[in-house]
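Just below is one structure, and these are the notes that go with it.
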Amino acid sequence: MNTSLTLPDGRRLAFGTAPLLMGVVNVTPDSFSDGGLFADPAIAVAHGLKLAQQGADIVDIGGESTRPGHERLDAQAELARVLPVVAGIAAASPVPISIDTYKAEVAEAALKAGAALVNDVWGCQREPAIAGVAARFGAPMVLMHNRDSVDAGLDILAEVLRFLEKSIGIAVAAGVPREQIVVDPGIGFGKTPEQNLALIEKLDRLPQALGCAVLLGASRKSTLGLVTGKTIPAERLAATLAAHLYGMMRGAAIIRAHDIDEHVDALKIWAAIRRTA
């Protein structure tokens with residue numbers, strides 16, 4: 001399994017004993033998690049810099065909501081949202097920036113503006129050309145499993161593995177080295193709550209089967225709200241930490257989260273306990 005990622009500028013992100021933290025910046029007016037708090041570019045830049053200061057190893061910028069029933073954007077509208085934020089953070093901080101998009105045009109423009117990774121929520125299967133963009137820039141890719149509809153009868157682990165193997169094949173054929181690929185089971189995307197929880201419990205099966213590091217992003221997801229009764233996403237911090245800590249025990253190499261400060265503390269305790277073993 002890959003033990004690090006090489007960024008376009010030659011820097012390396014190493015997977016150590018504790019996972020890397022990817023901080024979320026949603027530059028959308030209809031985000032499920034924060035209700036558009038960071039739709040203003042200046043506010044989004046300030047928030048991204050705050051996440052980096054708190055300890056985020058990567059800042060992930062997305063301009064199109066992926067919540068159920070979200071509004072689809074064309075590339076130009078998405079670029080108008082994300083490019084000022086990518087450029088603003090890149091100018092003020094060395095923190096690696098990830099562009100959260102499935103559009104090749106958006107990925108290319110963001111990489112030119114200072115992004116260093118591509119996080120594709122459709123795993124190169126909506127716009128396969130995005131893989132060639134990442135390859136040309138030497139950018140690592142996060143490939144996520146996704147579905148347009150929920151099927152409670154699916155063997156969800158088998159479905160995720162099939163999908164991600166296809167995604168990896170598309171990326172590798174386009175020139176992205178397998179060691180530059182991270183896979184994401186897509187918690188909350190086209191799955192029942194039971195399937196989401198089962199994927200976290202079986203997370204270690206992904207690197208075993210696919211040979212790629214795994215990203216886990218359960219932050220504030222609706223499944224956590226169903227289990228805890230917390231209807232407001234921002235009130236799901238404790239549930240998020242529990243899900244992510246469990247996923248870390250199952251081998252997550254990157255944790256994607258909204259609340260970085262609290263995750264830094266949780267990882268410090270987790271690492272301190274592991275050092276006594």
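Here, A, B, ... name the chains of the structure tokens in the order displayed, residue numbers run from 1 inside each chain, and ligands are numbered from 1 in the same displayed order.
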Give one line per residue of range 213-248 of chain A that approaches range 183-207 of chain A to at most 10 Å, naming the two atoms of the closest pair and their distance in Å to one decimal, counting only C-alpha atoms; sort by chain then ascending residue number and deliver it as CSV.
```
residue,atom,partner,partner_atom,distance
A:Ala213,CA,A:Pro207,CA,5.8
A:Val214,CA,A:Val183,CA,4.9
A:Leu215,CA,A:Asp184,CA,4.9
A:Leu216,CA,A:Asp184,CA,6.1
A:Gly217,CA,A:Ile187,CA,6.5
A:Ala218,CA,A:Ile187,CA,5.9
A:Ser219,CA,A:Ile187,CA,9.1
A:Lys221,CA,A:Gly188,CA,6.4
A:Ser222,CA,A:Gly188,CA,7.2
A:Thr223,CA,A:Pro193,CA,5.1
A:Leu224,CA,A:Pro193,CA,8.4
A:Gly225,CA,A:Pro193,CA,9.9
A:Leu226,CA,A:Pro193,CA,7.9
A:Val227,CA,A:Pro193,CA,8.7
A:Ala243,CA,A:Ile200,CA,7.5
A:His244,CA,A:Ile200,CA,8.5
A:Tyr246,CA,A:Ile200,CA,7.5
A:Gly247,CA,A:Ile200,CA,5.7
A:Met248,CA,A:Leu203,CA,9.0
```
Go ahead and save the residues from that selection, with N, CA, C and O atoms, as a PDB file, in the first residue's frame.
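Now in selection.pdb:
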```
ATOM      1  N   ALA A 213      -4.146   3.746  -0.065  1.00  0.00           N
ATOM      2  CA  ALA A 213      -4.531   4.334   1.210  1.00  0.00           C
ATOM      3  C   ALA A 213      -5.996   4.758   1.154  1.00  0.00           C
ATOM      4  O   ALA A 213      -6.562   4.988   0.086  1.00  0.00           O
ATOM      5  N   VAL A 214      -6.612   4.887   2.340  1.00  0.00           N
ATOM      6  CA  VAL A 214      -8.048   5.160   2.425  1.00  0.00           C
ATOM      7  C   VAL A 214      -8.303   6.476   3.143  1.00  0.00           C
ATOM      8  O   VAL A 214      -7.695   6.760   4.182  1.00  0.00           O
ATOM      9  N   LEU A 215      -9.227   7.253   2.583  1.00  0.00           N
ATOM     10  CA  LEU A 215      -9.744   8.451   3.229  1.00  0.00           C
ATOM     11  C   LEU A 215     -11.117   8.134   3.797  1.00  0.00           C
ATOM     12  O   LEU A 215     -11.936   7.489   3.135  1.00  0.00           O
ATOM     13  N   LEU A 216     -11.369   8.602   5.011  1.00  0.00           N
ATOM     14  CA  LEU A 216     -12.682   8.457   5.626  1.00  0.00           C
ATOM     15  C   LEU A 216     -13.254   9.838   5.905  1.00  0.00           C
ATOM     16  O   LEU A 216     -12.608  10.668   6.543  1.00  0.00           O
ATOM     17  N   GLY A 217     -14.474  10.077   5.417  1.00  0.00           N
ATOM     18  CA  GLY A 217     -15.135  11.352   5.641  1.00  0.00           C
ATOM     19  C   GLY A 217     -16.554  11.146   6.127  1.00  0.00           C
ATOM     20  O   GLY A 217     -17.497  11.137   5.332  1.00  0.00           O
ATOM     21  N   ALA A 218     -16.708  10.963   7.436  1.00  0.00           N
ATOM     22  CA  ALA A 218     -18.037  10.784   8.027  1.00  0.00           C
ATOM     23  C   ALA A 218     -18.513  12.047   8.725  1.00  0.00           C
ATOM     24  O   ALA A 218     -19.569  12.047   9.358  1.00  0.00           O
ATOM     25  N   SER A 219     -17.762  13.122   8.589  1.00  0.00           N
ATOM     26  CA  SER A 219     -18.005  14.331   9.365  1.00  0.00           C
ATOM     27  C   SER A 219     -19.420  14.875   9.187  1.00  0.00           C
ATOM     28  O   SER A 219     -19.845  15.195   8.072  1.00  0.00           O
ATOM     29  N   LYS A 221     -22.265  13.656   9.016  1.00  0.00           N
ATOM     30  CA  LYS A 221     -23.169  13.016   8.067  1.00  0.00           C
ATOM     31  C   LYS A 221     -24.495  12.641   8.719  1.00  0.00           C
ATOM     32  O   LYS A 221     -24.600  12.440   9.926  1.00  0.00           O
ATOM     33  N   SER A 222     -25.527  12.501   7.875  1.00  0.00           N
ATOM     34  CA  SER A 222     -26.884  12.254   8.365  1.00  0.00           C
ATOM     35  C   SER A 222     -27.004  10.930   9.102  1.00  0.00           C
ATOM     36  O   SER A 222     -27.815  10.801  10.025  1.00  0.00           O
ATOM     37  N   THR A 223     -26.205   9.938   8.729  1.00  0.00           N
ATOM     38  CA  THR A 223     -26.230   8.663   9.449  1.00  0.00           C
ATOM     39  C   THR A 223     -25.920   8.866  10.929  1.00  0.00           C
ATOM     40  O   THR A 223     -26.552   8.259  11.796  1.00  0.00           O
ATOM     41  N   LEU A 224     -24.981   9.739  11.225  1.00  0.00           N
ATOM     42  CA  LEU A 224     -24.633  10.022  12.614  1.00  0.00           C
ATOM     43  C   LEU A 224     -25.810  10.681  13.327  1.00  0.00           C
ATOM     44  O   LEU A 224     -26.069  10.411  14.510  1.00  0.00           O
ATOM     45  N   GLY A 225     -26.529  11.532  12.615  1.00  0.00           N
ATOM     46  CA  GLY A 225     -27.700  12.169  13.196  1.00  0.00           C
ATOM     47  C   GLY A 225     -28.823  11.183  13.472  1.00  0.00           C
ATOM     48  O   GLY A 225     -29.523  11.292  14.491  1.00  0.00           O
ATOM     49  N   LEU A 226     -28.985  10.212  12.587  1.00  0.00           N
ATOM     50  CA  LEU A 226     -30.026   9.198  12.796  1.00  0.00           C
ATOM     51  C   LEU A 226     -29.728   8.346  14.029  1.00  0.00           C
ATOM     52  O   LEU A 226     -30.619   7.983  14.789  1.00  0.00           O
ATOM     53  N   VAL A 227     -28.453   8.029  14.217  1.00  0.00           N
ATOM     54  CA  VAL A 227     -28.069   7.205  15.371  1.00  0.00           C
ATOM     55  C   VAL A 227     -28.198   7.987  16.670  1.00  0.00           C
ATOM     56  O   VAL A 227     -28.680   7.473  17.687  1.00  0.00           O
ATOM     57  N   ALA A 243     -16.945   8.076  15.064  1.00  0.00           N
ATOM     58  CA  ALA A 243     -16.864   7.375  13.787  1.00  0.00           C
ATOM     59  C   ALA A 243     -15.451   7.416  13.221  1.00  0.00           C
ATOM     60  O   ALA A 243     -14.925   6.409  12.723  1.00  0.00           O
ATOM     61  N   HIS A 244     -14.812   8.579  13.295  1.00  0.00           N
ATOM     62  CA  HIS A 244     -13.476   8.719  12.733  1.00  0.00           C
ATOM     63  C   HIS A 244     -12.434   7.945  13.539  1.00  0.00           C
ATOM     64  O   HIS A 244     -11.516   7.341  12.969  1.00  0.00           O
ATOM     65  N   TYR A 246     -12.978   5.230  15.202  1.00  0.00           N
ATOM     66  CA  TYR A 246     -13.177   3.822  14.836  1.00  0.00           C
ATOM     67  C   TYR A 246     -12.531   3.545  13.479  1.00  0.00           C
ATOM     68  O   TYR A 246     -11.850   2.534  13.293  1.00  0.00           O
ATOM     69  N   GLY A 247     -12.749   4.460  12.529  1.00  0.00           N
ATOM     70  CA  GLY A 247     -12.147   4.288  11.221  1.00  0.00           C
ATOM     71  C   GLY A 247     -10.632   4.295  11.255  1.00  0.00           C
ATOM     72  O   GLY A 247      -9.978   3.573  10.490  1.00  0.00           O
ATOM     73  N   MET A 248     -10.056   5.095  12.143  1.00  0.00           N
ATOM     74  CA  MET A 248      -8.606   5.094  12.300  1.00  0.00           C
ATOM     75  C   MET A 248      -8.100   3.738  12.768  1.00  0.00           C
ATOM     76  O   MET A 248      -7.056   3.266  12.314  1.00  0.00           O
TER      77      MET A 248
END
```
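Excluding Asn2 in chain A itself and same-chain residues fewer than 5 positions from it, the residues having an atom within 9 Å of it are Phe15, Arg178, Glu179, Gln180, Ile181, Val182, Gly211, Cys212 and Ala213 of chain A, counting only C-alpha atoms.
Minimum atom-to-atom distance to Thr3 in chain A, evaluated using only C-alpha atoms, belongs to A:Ile254 out of A:Thr228, A:Leu241, A:Ile254, A:Asp265.
Neighbouring residues of Ala75 in chain A at 8 Å or closer, counting only C-alpha atoms and skipping chain neighbours under 6 positions away, are Lys103, Glu105 and Val106 of chain A.
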Mind checking which residues fall within 10 Å of Ala92 in chain A, counting only C-alpha atoms, ignoring those fewer than 5 positions away in the same chain, and posting them as a compact mmCIF listing (two decimals) with N, CA and C atoms, in the first residue's frame?
```txt
# COMPACT_ATOMS: atom_id res chain seq x y z
N VAL A 45 -11.67 31.95 2.47
CA VAL A 45 -10.21 31.97 2.57
C VAL A 45 -9.79 32.04 4.03
N ALA A 46 -10.41 32.92 4.79
CA ALA A 46 -10.08 33.05 6.21
C ALA A 46 -10.33 31.74 6.95
N LEU A 49 -7.59 29.18 6.04
CA LEU A 49 -6.34 29.50 6.74
C LEU A 49 -6.43 29.14 8.22
N ALA A 87 -6.87 30.45 -4.90
CA ALA A 87 -5.78 31.42 -5.08
C ALA A 87 -5.48 32.16 -3.78
```
Residue set, range 107-244 of chain A restricted to helix (DSSP H, G or I), as a PyMOL selection string: chain A and resi 107-113+129-137+156-173+178-180+193-201+205-210+222-228+233-235+237-244
Write the selection just made, keeping C-alpha atoms, as a JSON list (two decimals), in the first residue's frame?
```json
[["chain", "number", "residue", "atom", "x", "y", "z"],
["A", 107, "ALA", "CA", -9.71, 20.55, -11.67],
["A", 108, "GLU", "CA", -7.34, 21.98, -14.29],
["A", 109, "ALA", "CA", -8.08, 25.60, -13.44],
["A", 110, "ALA", "CA", -7.78, 24.92, -9.71],
["A", 111, "LEU", "CA", -4.43, 23.16, -10.14],
["A", 112, "LYS", "CA", -3.17, 26.12, -12.15],
["A", 113, "ALA", "CA", -4.35, 28.44, -9.36],
["A", 129, "ALA", "CA", -10.88, 13.25, -18.49],
["A", 130, "ILE", "CA", -10.24, 14.53, -14.97],
["A", 131, "ALA", "CA", -7.71, 11.72, -14.51],
["A", 132, "GLY", "CA", -5.62, 12.99, -17.43],
["A", 133, "VAL", "CA", -5.64, 16.46, -15.88],
["A", 134, "ALA", "CA", -4.30, 15.11, -12.57],
["A", 135, "ALA", "CA", -1.67, 13.07, -14.41],
["A", 136, "ARG", "CA", -0.39, 16.09, -16.38],
["A", 137, "PHE", "CA", 0.04, 18.12, -13.21],
["A", 156, "ILE", "CA", -22.18, -2.69, -0.20],
["A", 157, "LEU", "CA", -18.56, -3.70, 0.36],
["A", 158, "ALA", "CA", -18.47, -5.69, -2.87],
["A", 159, "GLU", "CA", -20.15, -2.79, -4.71],
["A", 160, "VAL", "CA", -17.63, -0.27, -3.37],
["A", 161, "LEU", "CA", -14.67, -2.48, -4.24],
["A", 162, "ARG", "CA", -15.95, -3.05, -7.81],
["A", 163, "PHE", "CA", -16.56, 0.66, -8.34],
["A", 164, "LEU", "CA", -13.22, 1.76, -6.93],
["A", 165, "GLU", "CA", -11.26, -0.86, -8.87],
["A", 166, "LYS", "CA", -12.82, 0.56, -12.04],
["A", 167, "SER", "CA", -11.99, 4.10, -10.89],
["A", 168, "ILE", "CA", -8.39, 3.15, -10.19],
["A", 169, "GLY", "CA", -8.18, 1.57, -13.65],
["A", 170, "ILE", "CA", -9.37, 4.79, -15.31],
["A", 171, "ALA", "CA", -6.87, 6.89, -13.38],
["A", 172, "VAL", "CA", -3.92, 4.57, -13.94],
["A", 173, "ALA", "CA", -4.70, 4.29, -17.68],
["A", 178, "ARG", "CA", -1.40, 3.82, -8.35],
["A", 179, "GLU", "CA", 0.77, 5.03, -5.45],
["A", 180, "GLN", "CA", -0.69, 8.52, -6.03],
["A", 193, "PRO", "CA", -27.38, 4.27, 7.18],
["A", 194, "GLU", "CA", -26.68, 0.59, 7.82],
["A", 195, "GLN", "CA", -24.46, 0.40, 4.75],
["A", 196, "ASN", "CA", -22.55, 3.51, 5.85],
["A", 197, "LEU", "CA", -21.87, 2.03, 9.28],
["A", 198, "ALA", "CA", -20.88, -1.34, 7.78],
["A", 199, "LEU", "CA", -18.34, 0.34, 5.52],
["A", 200, "ILE", "CA", -16.67, 2.06, 8.47],
["A", 201, "GLU", "CA", -16.54, -1.25, 10.34],
["A", 205, "ARG", "CA", -10.82, -4.33, 3.60],
["A", 206, "LEU", "CA", -10.31, -1.46, 1.15],
["A", 207, "PRO", "CA", -6.52, -1.09, 1.38],
["A", 208, "GLN", "CA", -6.17, -4.87, 1.57],
["A", 209, "ALA", "CA", -8.11, -5.36, -1.66],
["A", 210, "LEU", "CA", -7.10, -2.25, -3.60],
["A", 222, "SER", "CA", -26.88, 12.25, 8.36],
["A", 223, "THR", "CA", -26.23, 8.66, 9.45],
["A", 224, "LEU", "CA", -24.63, 10.02, 12.61],
["A", 225, "GLY", "CA", -27.70, 12.17, 13.20],
["A", 226, "LEU", "CA", -30.03, 9.20, 12.80],
["A", 227, "VAL", "CA", -28.07, 7.21, 15.37],
["A", 228, "THR", "CA", -27.74, 10.04, 17.90],
["A", 233, "PRO", "CA", -25.22, 18.77, 11.44],
["A", 234, "ALA", "CA", -22.99, 21.09, 13.49],
["A", 235, "GLU", "CA", -24.11, 19.31, 16.67],
["A", 237, "LEU", "CA", -19.11, 16.59, 16.60],
["A", 238, "ALA", "CA", -18.99, 13.85, 19.24],
["A", 239, "ALA", "CA", -20.56, 11.37, 16.82],
["A", 240, "THR", "CA", -18.09, 12.42, 14.12],
["A", 241, "LEU", "CA", -15.11, 11.88, 16.41],
["A", 242, "ALA", "CA", -16.40, 8.44, 17.41],
["A", 243, "ALA", "CA", -16.86, 7.38, 13.79],
["A", 244, "HIS", "CA", -13.48, 8.72, 12.73]]
```
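Ranking A:Ala115, A:Ala77, A:Ala42, A:Leu20 by their shortest atom-to-atom distance to His263 in chain A, with only C-alpha atoms included, puts A:Leu20 first.
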Can you tell me how far CA of Asp148 in chain A sits from CA of Ala39 in chain A, in Å to one decimal? 25.7 Å
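Comparing A:Pro29, A:Val24, A:Asp40, A:Pro19 by their smallest distance to Arg220 in chain A, the closest is A:Val24 (using only C-alpha atoms).
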Neighbour list for Ser93 in chain A as an MDAnalysis selection string, cut-off 10 Å, only C-alpha atoms, skip fewer than 5 positions in-chain: chainID A and resid 48:49 52:53 88
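Near Gly10 in chain A, within 12 Å and counting only C-alpha atoms, sit Ser4, Leu5, Pro96, Ala116, Phe137, Gly138, Ala139 and Pro140 of chain A, not including residues fewer than 5 positions from it in the same chain.
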Take the residues just selected and output them with N, CA and C atoms as a tab-separated table (two decimals), in the first residue's frame.
```
chain	number	residue	atom	x	y	z
A	4	SER	N	2.87	7.33	1.06
A	4	SER	CA	2.95	8.79	0.95
A	4	SER	C	2.39	9.21	-0.39
A	5	LEU	N	2.15	10.51	-0.51
A	5	LEU	CA	1.73	11.12	-1.77
A	5	LEU	C	2.74	12.20	-2.14
A	96	PRO	N	-1.19	22.29	1.59
A	96	PRO	CA	-1.67	21.71	0.34
A	96	PRO	C	-3.18	21.86	0.20
A	116	ALA	N	-3.21	21.27	-5.20
A	116	ALA	CA	-2.17	20.26	-5.32
A	116	ALA	C	-2.73	18.84	-5.39
A	137	PHE	N	-0.48	17.25	-14.27
A	137	PHE	CA	0.04	18.12	-13.21
A	137	PHE	C	0.84	17.36	-12.16
A	138	GLY	N	0.83	16.04	-12.21
A	138	GLY	CA	1.48	15.25	-11.17
A	138	GLY	C	0.77	15.35	-9.83
A	139	ALA	N	-0.56	15.49	-9.89
A	139	ALA	CA	-1.36	15.66	-8.67
A	139	ALA	C	-1.93	14.31	-8.20
A	140	PRO	N	-1.84	14.02	-6.92
A	140	PRO	CA	-2.51	12.84	-6.38
A	140	PRO	C	-4.02	12.98	-6.53
```
My list of candidates is A:Val59, A:Ala80, A:Leu7, A:Val142. Which is closest to Ile97 in chain A when distances are computed with only C-alpha atoms? A:Val59
Select, from A:Asp60, A:Asp120, A:Val95, A:Ala104, the residue with the minimum atom-to-atom distance to Gln76 in chain A, counting only C-alpha atoms. A:Ala104
So which residues of range 108-208 of chain A fall under strand (DSSP E or B) by DSSP, listed as a ChimeraX atom specification? /A:117-120,141-144,181-184
Next, write the just-selected residues to a file, as a compact mmCIF listing (two decimals), in the first residue's frame, keeping all heavy atoms as the atom set.
```txt
# COMPACT_ATOMS: atom_id res chain seq x y z
N LEU A 117 -4.00 18.66 -5.08
CA LEU A 117 -4.63 17.34 -5.13
C LEU A 117 -6.00 17.49 -5.77
O LEU A 117 -6.62 18.56 -5.72
CB LEU A 117 -4.82 16.73 -3.73
CG LEU A 117 -3.61 16.51 -2.83
CD1 LEU A 117 -3.40 17.72 -1.93
CD2 LEU A 117 -3.80 15.27 -1.96
N VAL A 118 -6.51 16.39 -6.33
CA VAL A 118 -7.85 16.34 -6.91
C VAL A 118 -8.67 15.32 -6.13
O VAL A 118 -8.28 14.17 -6.00
CB VAL A 118 -7.82 15.97 -8.40
CG1 VAL A 118 -9.25 15.84 -8.94
CG2 VAL A 118 -7.03 16.99 -9.20
N ASN A 119 -9.80 15.77 -5.60
CA ASN A 119 -10.71 14.93 -4.83
C ASN A 119 -12.00 14.77 -5.63
O ASN A 119 -12.83 15.67 -5.65
CB ASN A 119 -10.97 15.57 -3.47
CG ASN A 119 -11.91 14.75 -2.60
OD1 ASN A 119 -12.20 13.60 -2.89
ND2 ASN A 119 -12.40 15.35 -1.53
N ASP A 120 -12.16 13.63 -6.31
CA ASP A 120 -13.27 13.41 -7.23
C ASP A 120 -14.34 12.54 -6.58
O ASP A 120 -14.13 11.35 -6.36
CB ASP A 120 -12.76 12.75 -8.51
CG ASP A 120 -13.85 12.58 -9.57
OD1 ASP A 120 -15.03 12.81 -9.26
OD2 ASP A 120 -13.51 12.20 -10.70
N MET A 141 -4.70 11.84 -6.51
CA MET A 141 -6.16 11.83 -6.63
C MET A 141 -6.80 11.07 -5.47
O MET A 141 -6.29 10.03 -5.05
CB MET A 141 -6.62 11.17 -7.92
CG MET A 141 -6.20 11.87 -9.20
SD MET A 141 -7.17 11.30 -10.63
CE MET A 141 -8.72 12.21 -10.38
N VAL A 142 -7.92 11.59 -4.98
CA VAL A 142 -8.81 10.85 -4.09
C VAL A 142 -9.99 10.41 -4.94
O VAL A 142 -10.66 11.25 -5.56
CB VAL A 142 -9.29 11.70 -2.90
CG1 VAL A 142 -10.26 10.89 -2.04
CG2 VAL A 142 -8.11 12.19 -2.08
N LEU A 143 -10.24 9.12 -4.99
CA LEU A 143 -11.33 8.56 -5.79
C LEU A 143 -12.40 8.03 -4.85
O LEU A 143 -12.15 7.11 -4.08
CB LEU A 143 -10.80 7.44 -6.69
CG LEU A 143 -9.63 7.81 -7.61
CD1 LEU A 143 -9.19 6.60 -8.41
CD2 LEU A 143 -10.01 8.96 -8.54
N MET A 144 -13.59 8.62 -4.95
CA MET A 144 -14.67 8.25 -4.02
C MET A 144 -15.74 7.41 -4.71
O MET A 144 -16.05 7.62 -5.88
CB MET A 144 -15.32 9.51 -3.44
CG MET A 144 -16.19 9.24 -2.23
SD MET A 144 -17.14 10.70 -1.71
CE MET A 144 -18.54 10.57 -2.84
N ILE A 181 -2.81 7.40 -5.60
CA ILE A 181 -4.27 7.31 -5.49
C ILE A 181 -4.68 6.96 -4.07
O ILE A 181 -4.11 6.06 -3.44
CB ILE A 181 -4.81 6.25 -6.48
CG1 ILE A 181 -4.56 6.70 -7.92
CG2 ILE A 181 -6.31 6.01 -6.24
CD1 ILE A 181 -4.89 5.64 -8.96
N VAL A 182 -5.67 7.67 -3.58
CA VAL A 182 -6.33 7.38 -2.30
C VAL A 182 -7.78 7.05 -2.61
O VAL A 182 -8.39 7.68 -3.49
CB VAL A 182 -6.25 8.60 -1.35
CG1 VAL A 182 -7.04 8.35 -0.07
CG2 VAL A 182 -4.80 8.94 -1.04
N VAL A 183 -8.34 6.06 -1.93
CA VAL A 183 -9.73 5.70 -2.16
C VAL A 183 -10.59 6.09 -0.97
O VAL A 183 -10.13 6.17 0.16
CB VAL A 183 -9.88 4.19 -2.45
CG1 VAL A 183 -9.22 3.82 -3.77
CG2 VAL A 183 -9.33 3.33 -1.32
N ASP A 184 -11.86 6.36 -1.26
CA ASP A 184 -12.82 6.84 -0.27
C ASP A 184 -14.12 6.06 -0.46
O ASP A 184 -14.68 6.06 -1.56
CB ASP A 184 -13.04 8.35 -0.50
CG ASP A 184 -14.07 8.97 0.43
OD1 ASP A 184 -14.76 8.25 1.16
OD2 ASP A 184 -14.20 10.21 0.39
```
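Counting from CA of Arg147 in chain A, the distance to CA of Leu73 in chain A is 18.2 Å.
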